[in-house]
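Engineer: Got a file for you: target_38.txt, compact mmCIF, C-alpha atoms.
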```txt
# COMPACT_ATOMS: atom_id res chain seq x y z
CA MET T 1 -4.79 7.06 -13.85
CA ASN T 2 -8.40 5.92 -13.64
CA LEU T 3 -9.13 4.35 -10.22
CA TYR T 4 -10.46 1.09 -11.67
CA LEU T 5 -7.48 0.69 -14.01
CA HIS T 6 -5.16 1.54 -11.11
CA GLU T 7 -6.70 -1.13 -8.87
CA PHE T 8 -6.82 -3.64 -11.73
CA THR T 9 -3.08 -3.08 -12.21
CA HIS T 10 -2.46 -3.81 -8.50
CA LEU T 11 -4.66 -6.92 -8.67
CA THR T 12 -2.98 -8.23 -11.83
CA LEU T 13 0.58 -7.69 -10.59
CA SER T 14 -0.24 -9.28 -7.23
CA PHE T 15 -1.83 -12.28 -8.91
CA LEU T 16 1.20 -12.72 -11.21
CA VAL T 17 3.60 -12.56 -8.24
CA GLY T 18 1.51 -15.11 -6.33
CA LEU T 19 1.19 -17.40 -9.34
CA THR T 20 4.93 -17.27 -10.07
CA ILE T 21 5.97 -17.96 -6.48
CA TRP T 22 3.35 -20.72 -6.23
CA LYS T 23 4.83 -22.41 -9.30
CA ILE T 24 8.34 -22.14 -7.82
CA SER T 25 7.54 -23.07 -4.22
CA GLY T 26 4.51 -25.30 -4.59
CA ASN T 27 2.88 -23.34 -1.75
CA VAL T 28 -0.62 -22.31 -2.84
CA TYR T 29 -0.97 -19.99 0.18
CA VAL T 30 1.35 -17.50 -1.52
CA LEU T 31 -1.57 -16.39 -3.70
CA PRO T 32 -3.56 -14.85 -0.81
CA ALA T 33 -0.31 -13.46 0.64
CA ALA T 34 0.45 -11.74 -2.67
CA LEU T 35 -3.08 -10.34 -2.89
CA MET T 36 -2.84 -9.04 0.67
CA GLY T 37 0.48 -7.32 0.00
CA GLY T 38 -0.31 -5.88 -3.39
CA PHE T 39 -4.04 -5.37 -3.55
CA PHE T 40 -5.78 -5.48 -0.17
CA ILE T 41 -3.08 -3.22 1.28
CA ASP T 42 -5.24 -0.41 -0.12
CA LEU T 43 -7.71 -1.05 2.70
CA ASP T 44 -5.51 1.24 4.79
CA HIS T 45 -7.21 4.07 2.88
CA LEU T 46 -10.21 3.34 5.10
CA LEU T 47 -8.27 4.75 8.06
CA ASP T 48 -7.95 8.08 6.24
CA TYR T 49 -11.65 7.97 5.41
CA PHE T 50 -12.85 7.20 8.94
CA LEU T 51 -10.56 9.85 10.44
CA ALA T 52 -12.17 12.38 8.10
CA PHE T 53 -15.82 11.33 8.26
CA GLY T 54 -16.19 9.19 11.36
CA ALA T 55 -18.20 5.97 11.36
CA LYS T 56 -20.64 6.93 8.61
CA PHE T 57 -19.53 5.48 5.29
CA ASN T 58 -20.29 6.84 1.84
CA LEU T 59 -18.80 4.65 -0.89
CA SER T 60 -18.91 7.45 -3.45
CA TYR T 61 -16.98 9.81 -1.16
CA PHE T 62 -14.46 7.08 -0.44
CA LEU T 63 -13.86 6.23 -4.11
CA LYS T 64 -13.50 9.92 -5.01
CA GLY T 65 -10.94 10.47 -2.23
CA TYR T 66 -12.96 13.15 -0.46
CA GLN T 67 -11.22 12.22 2.79
CA PHE T 68 -8.06 13.89 1.48
CA LEU T 69 -9.99 16.99 0.45
CA LYS T 70 -11.56 17.28 3.89
CA THR T 71 -8.43 16.80 6.02
CA ASP T 72 -5.53 17.76 3.73
CA LYS T 73 -3.71 14.77 5.22
CA ILE T 74 -2.53 11.41 3.93
CA TYR T 75 -1.96 8.62 6.46
CA VAL T 76 -2.10 5.26 4.57
CA LEU T 77 0.09 3.63 7.21
CA PHE T 78 0.81 0.40 5.33
CA HIS T 79 1.94 2.20 2.16
CA SER T 80 5.47 2.25 3.47
CA TRP T 81 8.90 1.56 2.02
CA GLU T 82 10.02 0.81 5.60
CA LEU T 83 7.59 -2.12 5.70
CA VAL T 84 8.95 -3.45 2.39
CA ILE T 85 12.54 -3.13 3.64
CA PHE T 86 11.69 -4.82 6.94
CA LEU T 87 10.00 -7.73 5.18
CA PHE T 88 12.86 -8.21 2.72
CA LEU T 89 15.35 -8.14 5.61
CA THR T 90 13.26 -10.73 7.43
CA LEU T 91 13.71 -13.24 4.59
CA PRO T 92 17.39 -14.02 5.34
CA ALA T 93 16.57 -14.34 9.04
CA VAL T 94 13.94 -16.95 8.21
CA SER T 95 16.51 -18.72 5.99
CA CYS T 96 18.96 -18.83 8.90
CA ILE T 97 16.32 -20.22 11.24
CA VAL T 98 15.47 -22.91 8.69
CA ALA T 99 19.16 -23.78 8.23
CA LEU T 100 19.84 -23.92 11.97
CA ALA T 101 16.63 -25.63 12.97
CA LYS T 102 17.28 -28.97 14.57
CA MET T 103 13.58 -29.61 14.96
CA GLU T 104 11.95 -30.84 11.78
CA ALA T 105 8.65 -29.08 12.55
CA LEU T 106 10.36 -25.69 12.98
CA ALA T 107 12.31 -26.12 9.75
CA LYS T 108 9.12 -27.05 7.91
CA GLU T 109 7.29 -23.96 9.22
CA GLY T 110 10.22 -21.76 8.19
CA GLN T 111 10.24 -23.23 4.71
CA MET T 112 6.53 -22.44 4.43
CA LEU T 113 6.99 -18.89 5.78
CA GLN T 114 9.71 -17.87 3.28
CA PRO T 115 7.56 -17.94 0.12
CA LEU T 116 4.70 -16.24 2.00
CA LEU T 117 6.96 -13.38 3.09
CA LEU T 118 8.49 -13.10 -0.38
CA SER T 119 5.08 -13.08 -2.04
CA PHE T 120 3.67 -10.44 0.33
CA SER T 121 6.73 -8.19 0.24
CA LEU T 122 7.30 -8.39 -3.53
CA SER T 123 3.64 -7.57 -4.17
CA LEU T 124 3.82 -4.64 -1.75
CA PHE T 125 7.00 -3.42 -3.47
CA LEU T 126 5.25 -3.51 -6.86
CA HIS T 127 2.18 -1.81 -5.39
CA LEU T 128 4.23 1.09 -4.04
CA SER T 129 6.21 1.33 -7.29
CA VAL T 130 3.01 1.64 -9.32
CA ASP T 131 1.69 4.22 -6.86
CA VAL T 132 4.86 6.32 -7.06
CA PHE T 133 4.58 6.52 -10.84
CA THR T 134 0.82 7.07 -11.07
CA ASN T 135 -0.28 9.14 -8.05
CA ASN T 136 1.62 12.40 -8.63
CA MET T 137 3.27 12.10 -5.25
CA LYS T 138 6.87 12.66 -4.32
CA ALA T 139 8.71 9.33 -4.07
CA GLN T 140 9.78 10.04 -0.48
CA SER T 141 6.10 10.38 0.49
CA TYR T 142 5.89 6.61 0.60
CA PHE T 143 8.26 6.55 3.56
CA LEU T 144 6.18 6.48 6.73
CA PHE T 145 8.83 8.40 8.65
CA TYR T 146 8.66 11.18 6.03
CA ARG T 147 4.89 11.41 6.44
CA ILE T 148 5.19 11.42 10.23
CA ASN T 149 7.91 14.07 10.09
CA ASN T 150 5.63 16.24 7.93
CA ASN T 151 2.58 15.69 10.14
CA PHE T 152 0.92 13.74 7.29
CA GLU T 153 0.29 17.05 5.48
CA LEU T 154 -0.85 16.40 1.92
CA LYS T 155 0.85 19.57 0.65
CA THR T 156 4.31 18.20 1.56
CA MET T 157 3.73 14.87 -0.18
CA VAL T 158 2.24 15.67 -3.55
CA THR T 159 3.68 17.48 -6.54
CA LYS T 160 2.93 21.20 -6.96
CA GLU T 161 0.62 20.41 -9.88
CA HIS T 162 -1.27 17.85 -7.82
CA TYR T 163 -1.63 20.30 -4.94
CA LYS T 164 -3.03 23.01 -7.22
CA LYS T 165 -5.56 20.50 -8.56
CA HIS T 166 -6.38 19.46 -4.98
CA LEU T 167 -7.09 23.08 -3.95
CA LYS T 168 -9.28 23.60 -7.02
CA GLN T 169 -11.32 20.45 -6.23
CA LYS T 170 -11.62 21.54 -2.61
CA LYS T 171 -13.07 24.94 -3.64
CA GLN T 172 -15.61 23.22 -5.89
CA LEU T 173 -16.89 21.13 -2.98
CA VAL T 174 -17.29 24.04 -0.57
```
Transcribe the structure of this file into C-alpha cells.
Structural biologist:
Amino acid sequence: MNLYLHEFTHLTLSFLVGLTIWKISGNVYVLPAALMGGFFIDLDHLLDYFLAFGAKFNLSYFLKGYQFLKTDKIYVLFHSWELVIFLFLTLPAVSCIVALAKMEALAKEGQMLQPLLLSFSLSLFLHLSVDVFTNNMKAQSYFLFYRINNNFELKTMVTKEHYKKHLKQKKQLV
C-alpha cells in the first residue's frame, strides 16, 4: 500500500474512533488520545531510523524505509499486541477504582481516564490490524516478545515474498 494512503488510513480510523468516543463520553480529550494511539504511534519508526543512521536525519531515507534495508532489523517497540492487551485489561481495573472510590475527586479522574484509555487502545488495535493486512508481515511479528525472541531480525518477521523484495532492494542500493 502506498505510504501516504497507509498513513491517511491510520489518521482517518483514529479520528473516527476519537470522534465516536467523544460523542459517547463527552470528553473532547479522547480525540488526541485516539490520534496518539492510532496515528502518532508510528513515531516509534524513528527509533529504527536513528539506530541505523545515528543522529543525522534524511527525510527521504526515512520515508523509503532505508533503515530496514541497512540493519535488516525491525524494532518499532510500540507496535505491540501486548500493549493493546495491557491497555484493554487496564479498563476494568479503572472501572473498579471508579466504583470503589469514596473520594469524589478520584472517581471523577477515573471516569475521565476510561474514555482516554479506550480511545488510545482501540485506535492502536485498529492501527496494528491495518498494518497486519497491508505490510506483508507475519501476524505474530506484531508481538514484541516474538520480535525480541527473534532478535528483531527482519527475515523472521516478513513473508518470504517480502524478504525477497527486501534483498532485491538492498542489492540496488549497494
Engineer: Can you tell me which residues surround segment 39-46 of chain T at a distance of at most 12 Å, considering only C-alpha atoms, apart from same-chain residues fewer than 5 positions away, and format the answer as a ChimeraX atom specification?
Structural biologist: /T:3,6-18,31-34,51-59,61-68,73-80,83,120-128,130-131
Engineer: Nearest to Lys23 of chain T among T:Phe86, T:Pro115, T:Ile148, T:Lys170, with distances taken over only C-alpha atoms: which residue is it?
Structural biologist: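 The answer is T:Pro115, which sits nearest to Lys23 of chain T.
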Engineer: Go through T:Asn27, T:Thr159, T:Asn135, T:Asn150 and flag the residue nearest Leu113 of chain T, using all atoms listed in the file for the distances.
Structural biologist: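 Answer, going by the shortest atom-to-atom distance: T:Asn27.
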Engineer: Nearest to Leu19 of chain T: which of T:Leu35, T:Leu87, T:Leu5, T:Leu144 is it, counting all atoms listed in the file?
Structural biologist: T:Leu35
Engineer: For a quick check of understanding, using all atoms listed in the file, which of T:Gly37, T:Lys155, T:Thr20, T:Gln140 has the smallest distance to Thr71 of chain T?
Structural biologist: T:Lys155
Engineer: May I ask for the distance between atom CA of Val30 of chain T and atom CA of Ser119 of chain T, given in Å to one decimal place?
Structural biologist: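 Straight-line distance from atom CA of Val30 of chain T to atom CA of Ser119 of chain T works out to 5.8 Å.
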Engineer: What does the distance from atom CA of Val132 of chain T to atom CA of Met1 of chain T come to in Å, to one decimal?
Structural biologist: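 For atom CA of Val132 of chain T relative to atom CA of Met1 of chain T, the distance reads 11.8 Å.
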Engineer: Could you work out how far atom CA of Phe152 of chain T lies from atom CA of Leu47 of chain T, giving the answer in Å with one decimal?
Structural biologist: 12.9 Å
Engineer: Counting all atoms listed in the file, which of T:Ile21, T:Leu69, T:Val28, T:Leu118 gets nearest to Lys168 of chain T?
Structural biologist: T:Leu69
Engineer: Between T:Thr90, T:Gln172, T:Thr156, T:Ser95, which residue has the minimum interatomic distance to Asp72 of chain T, considering only C-alpha atoms?
Structural biologist: T:Thr156
